[in-house]
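The file data.txt comes next; it holds compact mmCIF, C-alpha atoms.
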```
# COMPACT_ATOMS: atom_id res chain seq x y z
CA ARG A 1154 12.25 15.01 2.93
CA GLY A 1155 8.87 16.65 3.03
CA ALA A 1156 6.95 15.80 6.17
CA ALA A 1157 3.57 16.95 7.32
CA GLY A 1158 3.95 19.39 10.17
CA SER A 1159 0.90 18.86 12.39
CA PRO A 1160 -0.30 15.68 14.08
CA ALA A 1161 -3.46 15.69 11.93
CA SER A 1162 -1.57 16.05 8.63
CA THR A 1163 1.02 13.49 9.75
CA GLY A 1164 -1.74 11.00 10.50
CA ARG A 1165 -3.32 11.67 7.11
CA PHE A 1166 0.06 11.21 5.42
CA VAL A 1167 0.64 7.89 7.19
CA ARG A 1168 -2.81 6.55 6.32
CA CYS A 1169 -2.18 7.38 2.66
CA LEU A 1170 1.05 5.39 2.83
CA TYR A 1171 -0.90 2.43 4.24
CA ALA A 1172 -3.06 2.63 1.10
CA VAL A 1173 0.09 2.79 -1.07
CA GLY A 1174 1.42 -0.38 0.56
CA PHE A 1175 -1.89 -2.20 0.15
CA LEU A 1176 -2.27 -1.27 -3.55
CA ASP A 1177 1.38 -2.08 -4.27
CA LEU A 1178 1.24 -5.70 -3.05
CA PHE A 1179 -2.32 -6.16 -4.32
CA GLY A 1180 -1.23 -5.31 -7.86
CA VAL A 1181 1.98 -7.35 -7.76
CA SER A 1182 0.38 -10.44 -6.22
CA MET A 1183 -2.25 -10.42 -8.99
CA VAL A 1184 0.44 -10.96 -11.62
CA VAL A 1185 3.33 -12.87 -10.00
CA PRO A 1186 1.54 -16.24 -9.55
CA LEU A 1187 0.63 -16.22 -13.26
CA MET A 1188 4.05 -15.38 -14.64
CA ASN A 1189 5.54 -18.88 -14.83
CA LEU A 1190 2.49 -20.16 -16.70
CA HIS A 1191 2.67 -17.23 -19.12
CA ILE A 1192 6.36 -17.54 -19.94
CA LYS A 1193 5.94 -21.27 -20.56
CA SER A 1194 2.99 -20.53 -22.86
CA LEU A 1195 5.39 -18.34 -24.86
CA GLY A 1196 7.57 -21.39 -25.49
CA ALA A 1197 10.27 -20.88 -22.88
CA SER A 1198 11.89 -23.90 -21.30
CA HIS A 1199 12.07 -24.42 -17.56
CA THR A 1200 15.73 -23.39 -17.65
CA VAL A 1201 15.04 -20.11 -19.48
CA ALA A 1202 12.18 -19.32 -17.10
CA GLY A 1203 14.50 -20.00 -14.15
CA ILE A 1204 17.27 -17.80 -15.58
CA ILE A 1205 14.89 -14.85 -16.08
CA GLY A 1206 13.58 -15.29 -12.54
CA SER A 1207 17.12 -15.40 -11.17
CA LEU A 1208 18.16 -12.30 -13.12
CA TYR A 1209 15.24 -10.43 -11.58
CA GLY A 1210 16.45 -11.48 -8.13
CA VAL A 1211 20.01 -10.37 -8.90
CA MET A 1212 18.79 -6.97 -10.12
CA GLN A 1213 16.79 -6.57 -6.91
CA LEU A 1214 19.83 -7.57 -4.86
CA PHE A 1215 22.13 -4.90 -6.28
CA SER A 1216 19.61 -2.14 -6.89
CA SER A 1217 17.91 -2.04 -3.47
CA THR A 1218 20.87 -0.44 -1.68
CA PHE A 1219 21.47 2.10 -4.46
CA VAL A 1220 17.81 3.09 -4.78
CA GLY A 1221 17.42 3.36 -1.00
CA CYS A 1222 20.51 5.53 -0.75
CA TRP A 1223 19.33 7.61 -3.72
CA SER A 1224 16.09 8.31 -1.83
CA ASP A 1225 18.19 9.73 1.04
CA ILE A 1226 19.86 12.11 -1.42
CA VAL A 1227 17.05 13.37 -3.68
CA GLY A 1228 14.20 12.99 -1.19
CA ARG A 1229 11.41 10.49 -0.73
CA GLN A 1230 8.86 12.23 -2.98
CA TYR A 1231 10.92 12.16 -6.16
CA SER A 1232 12.44 8.72 -5.60
CA LEU A 1233 9.11 7.12 -4.66
CA LEU A 1234 7.35 8.64 -7.67
CA ALA A 1235 10.15 7.53 -9.99
CA CYS A 1236 10.06 3.96 -8.66
CA ILE A 1237 6.26 3.72 -8.91
CA LEU A 1238 6.09 5.11 -12.47
CA LEU A 1239 8.98 2.97 -13.75
CA SER A 1240 7.43 -0.11 -12.14
CA ALA A 1241 4.16 0.77 -13.89
CA LEU A 1242 6.10 0.92 -17.16
CA GLY A 1243 7.50 -2.55 -16.49
CA TYR A 1244 4.07 -4.07 -15.87
CA PHE A 1245 2.67 -2.27 -18.92
CA LEU A 1246 5.45 -3.87 -21.03
CA LEU A 1247 4.63 -7.20 -19.38
CA GLY A 1248 1.08 -6.78 -20.66
CA THR A 1249 2.45 -6.54 -24.22
CA SER A 1250 4.93 -9.41 -23.89
CA THR A 1251 4.10 -11.77 -26.75
CA THR A 1252 7.64 -13.20 -26.91
CA VAL A 1253 10.16 -14.43 -24.34
CA LEU A 1254 12.47 -11.50 -25.20
CA LEU A 1255 9.75 -8.92 -24.49
CA PHE A 1256 8.95 -10.73 -21.25
CA ALA A 1257 12.59 -10.52 -20.17
CA ILE A 1258 12.82 -6.82 -21.11
CA SER A 1259 9.68 -6.04 -19.11
CA ARG A 1260 11.33 -7.41 -15.97
CA VAL A 1261 14.27 -4.96 -16.16
CA PRO A 1262 12.57 -1.73 -14.92
CA VAL A 1263 10.69 -3.70 -12.26
CA GLY A 1264 13.84 -5.50 -11.14
CA ILE A 1265 15.74 -2.23 -10.76
CA PHE A 1266 13.07 0.12 -9.41
CA LYS A 1267 10.48 -2.04 -7.62
CA HIS A 1268 11.53 -0.77 -4.17
CA THR A 1269 8.42 1.24 -3.45
CA LEU A 1270 7.72 -0.54 -0.15
CA SER A 1271 11.26 0.09 1.15
CA ILE A 1272 11.08 3.80 0.32
CA SER A 1273 7.61 4.00 1.89
CA LYS A 1274 9.02 2.49 5.09
CA ALA A 1275 11.89 5.00 5.02
CA LEU A 1276 9.34 7.78 4.62
CA LEU A 1277 7.35 6.44 7.57
CA SER A 1278 10.51 6.45 9.69
CA ASP A 1279 11.00 10.12 8.74
CA LEU A 1280 7.45 11.01 9.68
CA VAL A 1281 6.99 9.38 13.08
CA SER A 1282 8.94 9.33 16.32
CA GLU A 1283 11.07 6.34 17.30
CA ARG A 1284 8.51 5.47 19.96
CA ASP A 1285 5.71 5.15 17.39
CA ARG A 1286 7.79 3.56 14.64
CA PRO A 1287 7.23 -0.16 15.44
CA LEU A 1288 3.47 0.41 15.69
CA VAL A 1289 3.31 2.30 12.37
CA MET A 1290 5.59 -0.20 10.59
CA GLY A 1291 3.46 -3.06 11.88
CA ARG A 1292 0.28 -1.47 10.55
CA PHE A 1293 1.97 -0.76 7.21
CA ASN A 1294 3.03 -4.41 6.94
CA ALA A 1295 -0.49 -5.50 7.88
CA ALA A 1296 -2.04 -3.29 5.18
CA SER A 1297 0.45 -4.64 2.60
CA SER A 1298 -0.27 -8.23 3.66
CA VAL A 1299 -3.99 -7.74 3.09
CA GLY A 1300 -3.18 -6.77 -0.50
CA PHE A 1301 -0.97 -9.87 -0.80
CA ILE A 1302 -3.85 -12.08 0.39
CA LEU A 1303 -6.49 -10.59 -1.93
CA GLY A 1304 -4.33 -10.12 -5.05
CA PRO A 1305 -3.89 -13.80 -6.04
CA VAL A 1306 -7.64 -14.39 -5.73
CA VAL A 1307 -8.45 -11.54 -8.13
CA GLY A 1308 -5.60 -12.46 -10.47
CA GLY A 1309 -6.69 -16.10 -10.58
CA TYR A 1310 -10.24 -15.06 -11.42
CA LEU A 1311 -9.10 -12.75 -14.25
CA ALA A 1312 -6.78 -15.45 -15.64
CA GLU A 1313 -9.83 -17.60 -16.43
CA PHE A 1314 -10.79 -15.21 -19.24
CA GLU A 1315 -9.22 -15.20 -22.70
CA GLY A 1316 -6.09 -13.05 -22.61
CA GLY A 1317 -6.43 -12.92 -18.84
CA PHE A 1318 -2.71 -12.53 -18.17
CA TYR A 1319 -2.46 -9.47 -20.40
CA GLN A 1320 -5.53 -7.90 -18.79
CA THR A 1321 -4.15 -8.60 -15.32
CA SER A 1322 -0.79 -7.01 -16.21
CA PHE A 1323 -2.48 -3.86 -17.55
CA ILE A 1324 -4.65 -3.63 -14.43
CA CYS A 1325 -1.50 -3.96 -12.30
CA ALA A 1326 0.13 -1.13 -14.29
CA CYS A 1327 -2.98 1.02 -13.73
CA ILE A 1328 -2.83 0.29 -9.99
CA PHE A 1329 0.74 1.55 -9.93
CA LEU A 1330 -0.33 4.68 -11.80
CA LEU A 1331 -3.06 5.15 -9.21
CA ASN A 1332 -0.41 4.80 -6.52
CA GLY A 1333 1.69 7.43 -8.29
CA GLY A 1334 -1.25 9.84 -8.26
CA LEU A 1335 -1.84 9.11 -4.58
CA VAL A 1336 1.80 9.85 -3.74
CA TRP A 1337 1.72 13.03 -5.85
CA MET A 1338 -1.31 14.30 -3.91
CA LEU A 1339 0.21 13.64 -0.48
CA PRO A 1340 0.50 16.80 1.67
CA TRP A 1341 4.26 17.20 1.14
CA ASN A 1342 4.26 20.96 1.79
CA GLU A 1343 1.87 21.20 4.72
CA GLU A 1344 4.62 21.51 7.31
CA ASN A 1345 4.68 25.31 7.03
CA ALA A 1346 0.98 25.65 7.70
CA GLY A 1347 1.02 22.76 10.15
CA SER A 1348 3.60 24.41 12.39
CA GLN A 1349 1.06 27.12 13.23
CA GLU A 1350 -1.70 24.67 14.20
CA HIS A 1351 -2.47 23.93 17.80
CA HIS A 1352 -1.05 20.54 18.90
CA GLN A 1353 -3.77 18.03 19.43
CA ASP A 1354 -4.15 15.97 22.59
CA LYS A 1355 -1.98 12.85 22.57
CA GLY A 1356 -4.88 10.73 23.70
CA THR A 1357 -6.65 11.25 20.37
CA ASN A 1358 -3.56 10.80 18.17
CA SER A 1359 -0.66 8.37 18.39
CA PHE A 1360 1.89 10.97 17.30
CA SER A 1361 3.17 13.21 20.11
CA ALA A 1362 3.41 16.98 19.74
CA LYS A 1363 7.11 16.96 20.63
CA ALA A 1364 7.88 14.36 17.96
CA ASN A 1365 6.06 16.34 15.27
CA HIS A 1366 7.79 19.57 16.32
CA ASP A 1367 11.19 17.85 16.02
CA LEU A 1368 10.23 16.38 12.65
CA HIS A 1369 9.12 19.81 11.43
CA LEU A 1370 12.47 21.35 12.34
CA LYS A 1371 14.36 18.47 10.70
CA SER A 1372 12.36 18.62 7.47
CA ALA A 1373 12.75 22.39 7.26
CA ALA A 1374 16.52 22.08 7.65
CA ASN A 1375 16.78 19.35 5.01
CA ARG A 1376 14.35 20.84 2.45
CA ALA A 1377 16.84 23.14 0.75
CA VAL A 1378 19.47 20.40 0.57
CA THR A 1379 17.01 17.93 -0.92
CA ASN A 1380 15.76 20.36 -3.57
CA ASN A 1381 19.34 21.08 -4.66
CA ASN A 1382 20.23 17.38 -4.79
CA VAL A 1383 17.33 16.62 -7.13
CA PHE A 1384 18.92 18.76 -9.85
CA GLN A 1385 22.50 17.54 -9.33
CA SER A 1386 24.16 15.75 -12.22
CA PRO A 1387 23.71 11.97 -12.25
CA TRP A 1388 27.46 11.47 -11.71
CA ILE A 1389 27.44 13.58 -8.55
CA GLN A 1390 24.41 11.65 -7.28
CA VAL A 1391 26.15 8.31 -8.00
CA ALA A 1392 29.29 9.47 -6.19
CA THR A 1393 27.22 10.56 -3.19
CA VAL A 1394 25.38 7.22 -3.19
CA LEU A 1395 28.67 5.28 -3.20
CA LYS A 1396 30.02 7.43 -0.36
CA LYS A 1397 26.94 6.79 1.80
CA ILE A 1398 27.06 3.06 1.09
CA LYS A 1399 30.74 2.99 2.10
CA GLU A 1400 29.85 4.71 5.38
CA ILE A 1401 27.23 2.04 6.13
CA ALA A 1402 29.67 -0.74 5.15
CA CYS A 1403 32.30 0.62 7.54
CA SER A 1404 29.85 1.09 10.42
CA ASN A 1405 29.27 -1.24 13.38
CA LEU A 1406 25.98 -2.55 12.02
CA TRP A 1407 27.40 -5.85 10.73
CA ASP A 1408 25.84 -7.83 13.59
CA ILE A 1409 22.36 -6.40 12.93
CA PHE A 1410 22.54 -7.34 9.25
CA LEU A 1411 23.97 -10.77 10.12
CA VAL A 1412 21.05 -11.42 12.47
CA ARG A 1413 18.64 -10.33 9.74
CA PHE A 1414 20.37 -12.62 7.23
CA LEU A 1415 20.35 -15.67 9.52
CA MET A 1416 16.70 -15.24 10.56
CA SER A 1417 15.63 -14.62 6.94
CA VAL A 1418 17.35 -17.81 5.75
CA ALA A 1419 15.88 -19.75 8.69
CA ILE A 1420 12.32 -18.66 7.84
CA LEU A 1421 12.85 -19.28 4.11
CA LEU A 1422 14.13 -22.78 4.90
CA TYR A 1423 10.97 -23.43 6.91
CA TYR A 1424 8.75 -22.50 3.95
CA SER A 1425 11.03 -23.88 1.20
CA ASN A 1426 9.73 -27.47 1.21
CA PHE A 1427 6.61 -26.92 3.30
CA THR A 1428 4.08 -28.41 0.86
CA LEU A 1429 6.31 -31.33 -0.19
CA ALA A 1430 7.31 -32.16 3.39
CA LEU A 1431 3.71 -32.23 4.61
CA GLU A 1432 2.80 -34.59 1.78
CA GLU A 1433 5.73 -36.92 2.52
CA ARG A 1434 5.40 -36.85 6.31
CA PHE A 1435 1.64 -36.81 6.82
CA GLY A 1436 0.09 -37.54 3.41
CA VAL A 1437 -1.44 -34.06 3.29
CA LYS A 1438 -2.58 -32.81 -0.12
CA PRO A 1439 -1.19 -29.54 -1.58
CA LEU A 1440 -4.66 -27.94 -1.31
CA PHE A 1441 -4.56 -28.26 2.48
CA SER A 1442 -1.03 -26.76 2.51
CA GLY A 1443 -2.36 -23.81 0.51
CA TYR A 1444 -5.17 -23.25 2.99
CA LEU A 1445 -2.67 -23.44 5.86
CA THR A 1446 -0.40 -20.88 4.17
CA SER A 1447 -3.34 -18.49 3.63
CA TYR A 1448 -4.37 -18.99 7.26
CA SER A 1449 -0.85 -18.06 8.39
CA SER A 1450 -0.85 -14.97 6.16
CA ALA A 1451 -4.13 -13.79 7.68
CA LEU A 1452 -2.69 -14.26 11.18
CA GLY A 1453 0.34 -12.22 10.09
CA VAL A 1454 -1.99 -9.31 9.34
CA LEU A 1455 -3.44 -9.60 12.84
CA ALA A 1456 0.07 -9.70 14.32
CA GLY A 1457 0.92 -6.41 12.59
CA CYS A 1458 -2.10 -4.77 14.23
CA LEU A 1459 -1.08 -6.09 17.67
CA LEU A 1460 2.39 -4.54 17.62
CA GLY A 1461 1.18 -1.44 19.46
CA PRO A 1462 0.06 -3.27 22.63
CA ILE A 1463 3.14 -5.51 22.46
CA THR A 1464 5.58 -2.60 22.30
CA ARG A 1465 3.82 -0.92 25.22
CA LEU A 1466 4.02 -4.16 27.19
CA TYR A 1467 7.79 -4.25 26.57
CA GLN A 1468 8.10 -0.51 27.33
CA HIS A 1469 9.25 0.12 23.72
CA ASN A 1470 12.37 -2.03 24.14
CA THR A 1471 12.76 -3.28 20.56
CA TYR A 1472 15.79 -5.41 21.38
CA ARG A 1473 13.90 -7.50 23.93
CA ILE A 1474 10.94 -7.95 21.58
CA LEU A 1475 13.28 -9.09 18.79
CA LEU A 1476 15.19 -11.46 21.07
CA HIS A 1477 12.02 -13.05 22.43
CA SER A 1478 10.32 -13.29 19.03
CA SER A 1479 13.45 -14.87 17.50
CA THR A 1480 13.66 -17.38 20.36
CA PHE A 1481 9.97 -18.15 19.91
CA THR A 1482 10.47 -18.57 16.14
CA CYS A 1483 13.37 -20.97 16.74
CA THR A 1484 11.27 -23.02 19.18
CA LEU A 1485 8.30 -23.19 16.81
CA ILE A 1486 10.42 -24.32 13.85
CA LEU A 1487 11.89 -27.02 16.11
CA LEU A 1488 8.34 -28.06 17.04
CA TYR A 1489 7.44 -28.28 13.35
CA ALA A 1490 10.57 -30.31 12.52
CA SER A 1491 9.76 -32.82 15.28
CA ALA A 1492 5.95 -32.82 14.80
CA LEU A 1493 4.33 -36.23 15.19
CA ASN A 1494 0.98 -35.25 13.67
CA ILE A 1495 -0.62 -32.54 11.56
CA TRP A 1496 -2.11 -30.79 14.59
CA MET A 1497 1.38 -29.93 15.87
CA VAL A 1498 2.11 -28.43 12.44
CA ILE A 1499 -1.05 -26.30 12.62
CA LEU A 1500 -0.11 -25.17 16.13
CA SER A 1501 3.43 -24.19 15.11
CA SER A 1502 2.16 -22.40 11.97
CA THR A 1503 -0.36 -20.43 14.03
CA PHE A 1504 2.16 -18.93 16.43
CA LEU A 1505 4.94 -18.71 13.84
CA ALA A 1506 2.84 -16.24 11.87
CA PHE A 1507 2.91 -13.93 14.89
CA SER A 1508 6.59 -14.34 15.80
CA THR A 1509 7.93 -13.86 12.26
CA THR A 1510 5.78 -10.78 11.58
CA ILE A 1511 6.86 -9.16 14.85
CA GLY A 1512 10.50 -10.11 14.26
CA ARG A 1513 10.58 -8.59 10.75
CA THR A 1514 9.24 -5.30 12.05
CA CYS A 1515 11.58 -5.19 15.06
CA ILE A 1516 14.77 -5.89 13.07
CA ILE A 1517 13.96 -2.91 10.83
CA ASP A 1518 13.31 -0.72 13.86
CA LEU A 1519 16.61 -1.81 15.43
CA GLU A 1520 18.49 -1.02 12.20
CA LEU A 1521 17.04 2.49 12.14
CA THR A 1522 17.56 3.06 15.87
CA ILE A 1523 21.26 2.13 15.83
CA GLY A 1524 22.01 3.39 12.31
CA GLY A 1525 20.13 6.68 12.61
CA ASN A 1526 17.22 8.07 10.62
CA GLU A 1527 19.37 10.35 8.48
CA ALA A 1528 20.28 7.39 6.23
CA SER A 1529 17.08 5.40 6.66
CA GLY A 1530 16.71 4.75 2.93
CA THR A 1531 20.26 3.39 2.71
CA LEU A 1532 19.78 1.22 5.80
CA LEU A 1533 16.54 -0.26 4.52
CA GLY A 1534 18.10 -0.81 1.10
CA VAL A 1535 21.07 -2.67 2.57
CA GLY A 1536 18.70 -4.71 4.72
CA GLN A 1537 16.67 -5.61 1.65
CA SER A 1538 19.86 -6.67 -0.14
CA VAL A 1539 20.77 -8.89 2.80
CA THR A 1540 17.34 -10.54 2.61
CA SER A 1541 17.78 -10.97 -1.16
CA VAL A 1542 21.04 -12.85 -0.57
CA GLY A 1543 19.10 -15.10 1.79
CA ARG A 1544 16.51 -15.77 -0.94
CA ILE A 1545 19.32 -16.84 -3.28
CA ILE A 1546 21.09 -19.09 -0.75
CA ALA A 1547 18.07 -20.64 0.98
CA PRO A 1548 16.87 -22.81 -1.98
CA LEU A 1549 20.39 -24.26 -2.36
CA LEU A 1550 20.68 -25.06 1.35
CA SER A 1551 17.15 -26.48 1.33
CA GLY A 1552 17.93 -28.79 -1.57
CA ILE A 1553 21.07 -30.12 0.12
CA ALA A 1554 19.35 -30.59 3.50
CA GLN A 1555 16.36 -32.28 1.89
CA GLU A 1556 18.63 -34.98 0.47
CA PHE A 1557 18.98 -36.30 4.03
CA SER A 1558 15.41 -35.89 5.31
CA PRO A 1559 12.16 -33.98 4.72
CA CYS A 1560 12.90 -32.44 8.13
CA GLY A 1561 16.38 -31.37 6.99
CA PRO A 1562 15.55 -27.76 5.97
CA PRO A 1563 13.67 -26.85 9.20
CA SER A 1564 16.36 -28.57 11.28
CA LEU A 1565 19.01 -26.44 9.58
CA ALA A 1566 16.77 -23.41 10.16
CA VAL A 1567 16.78 -24.10 13.90
CA GLY A 1568 20.60 -24.06 13.91
CA LEU A 1569 20.78 -20.75 12.03
CA ALA A 1570 18.19 -19.16 14.34
CA LEU A 1571 20.20 -20.28 17.37
CA VAL A 1572 23.31 -18.59 15.96
CA ALA A 1573 21.30 -15.36 15.45
CA ILE A 1574 20.07 -15.52 19.07
CA LEU A 1575 23.65 -16.01 20.34
CA ILE A 1576 24.81 -12.97 18.32
CA MET A 1577 22.04 -10.85 19.82
CA ASN A 1578 22.98 -11.99 23.33
CA ALA A 1579 26.67 -11.27 22.69
CA ASN A 1580 25.83 -7.69 21.64
CA LYS A 1581 23.20 -7.13 24.30
CA GLN A 1582 25.00 -4.14 25.82
CA LYS A 1583 25.08 -2.23 22.52
CA TYR A 1584 21.40 -2.83 21.80
CA CYS A 1585 20.29 -2.00 25.32
CA SER A 1586 22.31 1.24 25.40
CA HIS A 1587 20.57 2.42 22.24
CA GLY A 1588 17.24 1.34 23.71
CA ASN A 1589 17.84 3.43 26.82
CA VAL A 1590 18.71 6.48 24.73
CA LYS A 1591 15.55 5.89 22.70
CA LEU A 1592 13.41 5.84 25.83
CA LYS A 1593 15.02 8.99 27.26
CA ASN A 1594 14.32 10.87 24.05
CA GLN A 1595 10.57 10.19 24.18
```

Could you write out this structure as structure tokens?
Amino acid sequence: RGAAGSPASTGRFVRCLYAVGFLDLFGVSMVVPLMNLHIKSLGASHTVAGIIGSLYGVMQLFSSTFVGCWSDIVGRQYSLLACILLSALGYFLLGTSTTVLLFAISRVPVGIFKHTLSISKALLSDLVSERDRPLVMGRFNAASSVGFILGPVVGGYLAEFEGGFYQTSFICACIFLLNGGLVWMLPWNEENAGSQEHHQDKGTNSFSAKANHDLHLKSAANRAVTNNNVFQSPWIQVATVLKKIKEIACSNLWDIFLVRFLMSVAILLYYSNFTLALEERFGVKPLFSGYLTSYSSALGVLAGCLLGPITRLYQHNTYRILLHSSTFTCTLILLYASALNIWMVILSSTFLAFSTTIGRTCIIDLELTIGGNEASGTLLGVGQSVTSVGRIIAPLLSGIAQEFSPCGPPSLAVGLALVAILIMNANKQKYCSHGNVKLKNQ
């Protein structure tokens, strides 16, 4: 794991990763909203389109843990570059997909290797101290969300032209190539020169001198191992990946992943029938629902930027932030489910954007704090797999709950969120003990 050695080079490295996150979601969100229309224009039925979409989700489910673990073994630079370039290949093939078969083939490399954001987050956790991690992760999520907000607008504009989908796919592939060049030019080897630089004052940089010194020592110790692992045979790498995954599976992190699963399903249930429920309950048109969703996304960006002051207010106790944000999320979904008018929906959506953004960042930080940074790629990969399972189960649960009432999915979401809160309270001692160790190490 190459890591910049000085506070200045670390800050430069982190800002480049913010740009990587922004470009990644900007490119993807240009194409994804247009894909269903394109595959139907190729003559595919609704069933075939659904099967291809589901296969992509299944590939993501099983590949995220393996790719994350692989990044722990061969290093972030090589794994991130490989994922970016293979994703670019997938979107390039998508731009040449004139048949349903070619469309399906183009989704394979993206389904397996589109884990660039997870590896970027693992790299950020390598670069910064535990104290700074929630702040940096929040800013990374905010930068990515800006790309997610702007991408559909640009993609929709390009789709108006003849052959717009193909042009958009090629532009997306070029954006990924640009990301690959950006990652290649990152200061991976500056730690040797950076260790001789004078530490800058903490007031002018959010990364402490002690944290960067520790990171320099860790990266120097791991550099030789990483370089050797890159050239290991694929079978040895696969065996090492399986061993690391087994270690995570046998660890005491089951409650963290269960909380992540329950909260993910709860939030997905809230959004699953959002547009339809607003139309049935309040006669609101889909256009207004779209504006409300965009409004919530913009507030999510703001929430990511506010994580720094929030973590300082809570004295960097991630467990307490997660518990309070989850409780707040549960209360807001209950408010939405029992809303008597559209203004209550707007109010719940406003604050829910903050609580869900903060909760997503804190659950990742808690995973890394308890699981340890040495397997951060594996931990993030497993967490992503858990969320993928939620994406598969949530539509089914939503459909069943909606048979009873338009408020069925959010009502079920409230129950799942309550279970997650009870699990966090039952394991309070474990979380707090890790939080105390985290504070002592700062």

Among listed residues A:Ile1265, A:Cys1458, A:Leu1475, A:Ala1430, nearest A:Phe1293 (using all atoms listed in the file): A:Cys1458

For each of A:Ala1570, A:Leu1575, A:Leu1288, A:Ala1312, take the minimum atom-to-atom distance to A:Leu1190, counting all atoms listed in the file, then give the residue where this is smallest. A:Ala1312

Go ahead and compute the interatomic distance for atom CA of A:Thr1251 and atom CA of A:Gly1180, in Å to one decimal. 20.7 Å

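Remark: for A:Arg1513, the closest of the candidate residues A:Lys1267, A:Arg1260, A:Arg1284, A:Arg1413 is A:Arg1413 (distances computed over all atoms listed in the file).
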
Counting all atoms listed in the file, which residues have an atom no more than 12 Å from (9.0, 3.6, -1.0) in the file's coordinates? Please list them as an mmCIF file with C-alpha atoms, in the coordinates of the input.
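The new file part-v1.cif reads:
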```
data_model
loop_
_atom_site.group_PDB
_atom_site.id
_atom_site.type_symbol
_atom_site.label_atom_id
_atom_site.label_comp_id
_atom_site.auth_asym_id
_atom_site.auth_seq_id
_atom_site.Cartn_x
_atom_site.Cartn_y
_atom_site.Cartn_z
ATOM 1 C CA LEU A 1170 1.050 5.390 2.830
ATOM 2 C CA TYR A 1171 -0.900 2.430 4.240
ATOM 3 C CA VAL A 1173 0.090 2.790 -1.070
ATOM 4 C CA GLY A 1174 1.420 -0.380 0.560
ATOM 5 C CA ASP A 1177 1.380 -2.080 -4.270
ATOM 6 C CA SER A 1217 17.910 -2.040 -3.470
ATOM 7 C CA VAL A 1220 17.810 3.090 -4.780
ATOM 8 C CA GLY A 1221 17.420 3.360 -1.000
ATOM 9 C CA CYS A 1222 20.510 5.530 -0.750
ATOM 10 C CA TRP A 1223 19.330 7.610 -3.720
ATOM 11 C CA SER A 1224 16.090 8.310 -1.830
ATOM 12 C CA ASP A 1225 18.190 9.730 1.040
ATOM 13 C CA GLY A 1228 14.200 12.990 -1.190
ATOM 14 C CA ARG A 1229 11.410 10.490 -0.730
ATOM 15 C CA GLN A 1230 8.860 12.230 -2.980
ATOM 16 C CA TYR A 1231 10.920 12.160 -6.160
ATOM 17 C CA SER A 1232 12.440 8.720 -5.600
ATOM 18 C CA LEU A 1233 9.110 7.120 -4.660
ATOM 19 C CA LEU A 1234 7.350 8.640 -7.670
ATOM 20 C CA ALA A 1235 10.150 7.530 -9.990
ATOM 21 C CA CYS A 1236 10.060 3.960 -8.660
ATOM 22 C CA ILE A 1237 6.260 3.720 -8.910
ATOM 23 C CA LEU A 1238 6.090 5.110 -12.470
ATOM 24 C CA SER A 1240 7.430 -0.110 -12.140
ATOM 25 C CA PHE A 1266 13.070 0.120 -9.410
ATOM 26 C CA LYS A 1267 10.480 -2.040 -7.620
ATOM 27 C CA HIS A 1268 11.530 -0.770 -4.170
ATOM 28 C CA THR A 1269 8.420 1.240 -3.450
ATOM 29 C CA LEU A 1270 7.720 -0.540 -0.150
ATOM 30 C CA SER A 1271 11.260 0.090 1.150
ATOM 31 C CA ILE A 1272 11.080 3.800 0.320
ATOM 32 C CA SER A 1273 7.610 4.000 1.890
ATOM 33 C CA LYS A 1274 9.020 2.490 5.090
ATOM 34 C CA ALA A 1275 11.890 5.000 5.020
ATOM 35 C CA LEU A 1276 9.340 7.780 4.620
ATOM 36 C CA LEU A 1277 7.350 6.440 7.570
ATOM 37 C CA SER A 1278 10.510 6.450 9.690
ATOM 38 C CA ASP A 1279 11.000 10.120 8.740
ATOM 39 C CA PHE A 1293 1.970 -0.760 7.210
ATOM 40 C CA ASN A 1332 -0.410 4.800 -6.520
ATOM 41 C CA GLY A 1333 1.690 7.430 -8.290
ATOM 42 C CA VAL A 1336 1.800 9.850 -3.740
ATOM 43 C CA SER A 1529 17.080 5.400 6.660
ATOM 44 C CA GLY A 1530 16.710 4.750 2.930
ATOM 45 C CA THR A 1531 20.260 3.390 2.710
ATOM 46 C CA LEU A 1533 16.540 -0.260 4.520
ATOM 47 C CA GLY A 1534 18.100 -0.810 1.100
#
```

To box stretch 1203-1214 of chain A, take all atoms listed in the file, fit an axis-aligned box, add 8 Å on each side, and give centre and edge lengths in Å to one decimal, as JSON.
```
{"center_x": 16.8, "center_y": -13.3, "center_z": -10.5, "size_x": 22.4, "size_y": 29.4, "size_z": 27.2}
```

Using all atoms listed in the file, the residue out of A:Ile1205, A:Ser1479, A:Gln1213, A:Val1535 with shortest distance to A:Leu1415 is A:Ser1479

Straight-line distance linking atom CA of A:Glu1313 with atom CA of A:Leu1187, stated in Å to one decimal: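 Computing the Euclidean distance for atom CA of A:Glu1313 and atom CA of A:Leu1187 yields 11.0 Å.
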
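Distances from A:Ala1566, A:Val1167, A:Leu1422, A:Ile1574 to A:Leu1339 were compared using only C-alpha atoms, and the smallest one belongs to A:Val1167.
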
Quick one: everything within 9 Å of A:Asn1426, counting all atoms listed in the file, minus sequence neighbours fewer than 4 positions away in the same chain. Send it as an mmCIF file with C-alpha atoms, keeping the file's coordinate frame.
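For reference, out_31.cif as written:
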```cif
data_model
loop_
_atom_site.group_PDB
_atom_site.id
_atom_site.type_symbol
_atom_site.label_atom_id
_atom_site.label_comp_id
_atom_site.auth_asym_id
_atom_site.auth_seq_id
_atom_site.Cartn_x
_atom_site.Cartn_y
_atom_site.Cartn_z
ATOM 1 C CA LEU A 1422 14.130 -22.780 4.900
ATOM 2 C CA ALA A 1430 7.310 -32.160 3.390
ATOM 3 C CA LEU A 1431 3.710 -32.230 4.610
ATOM 4 C CA SER A 1551 17.150 -26.480 1.330
ATOM 5 C CA GLY A 1552 17.930 -28.790 -1.570
ATOM 6 C CA GLN A 1555 16.360 -32.280 1.890
ATOM 7 C CA PRO A 1559 12.160 -33.980 4.720
ATOM 8 C CA PRO A 1562 15.550 -27.760 5.970
ATOM 9 C CA PRO A 1563 13.670 -26.850 9.200
#
```
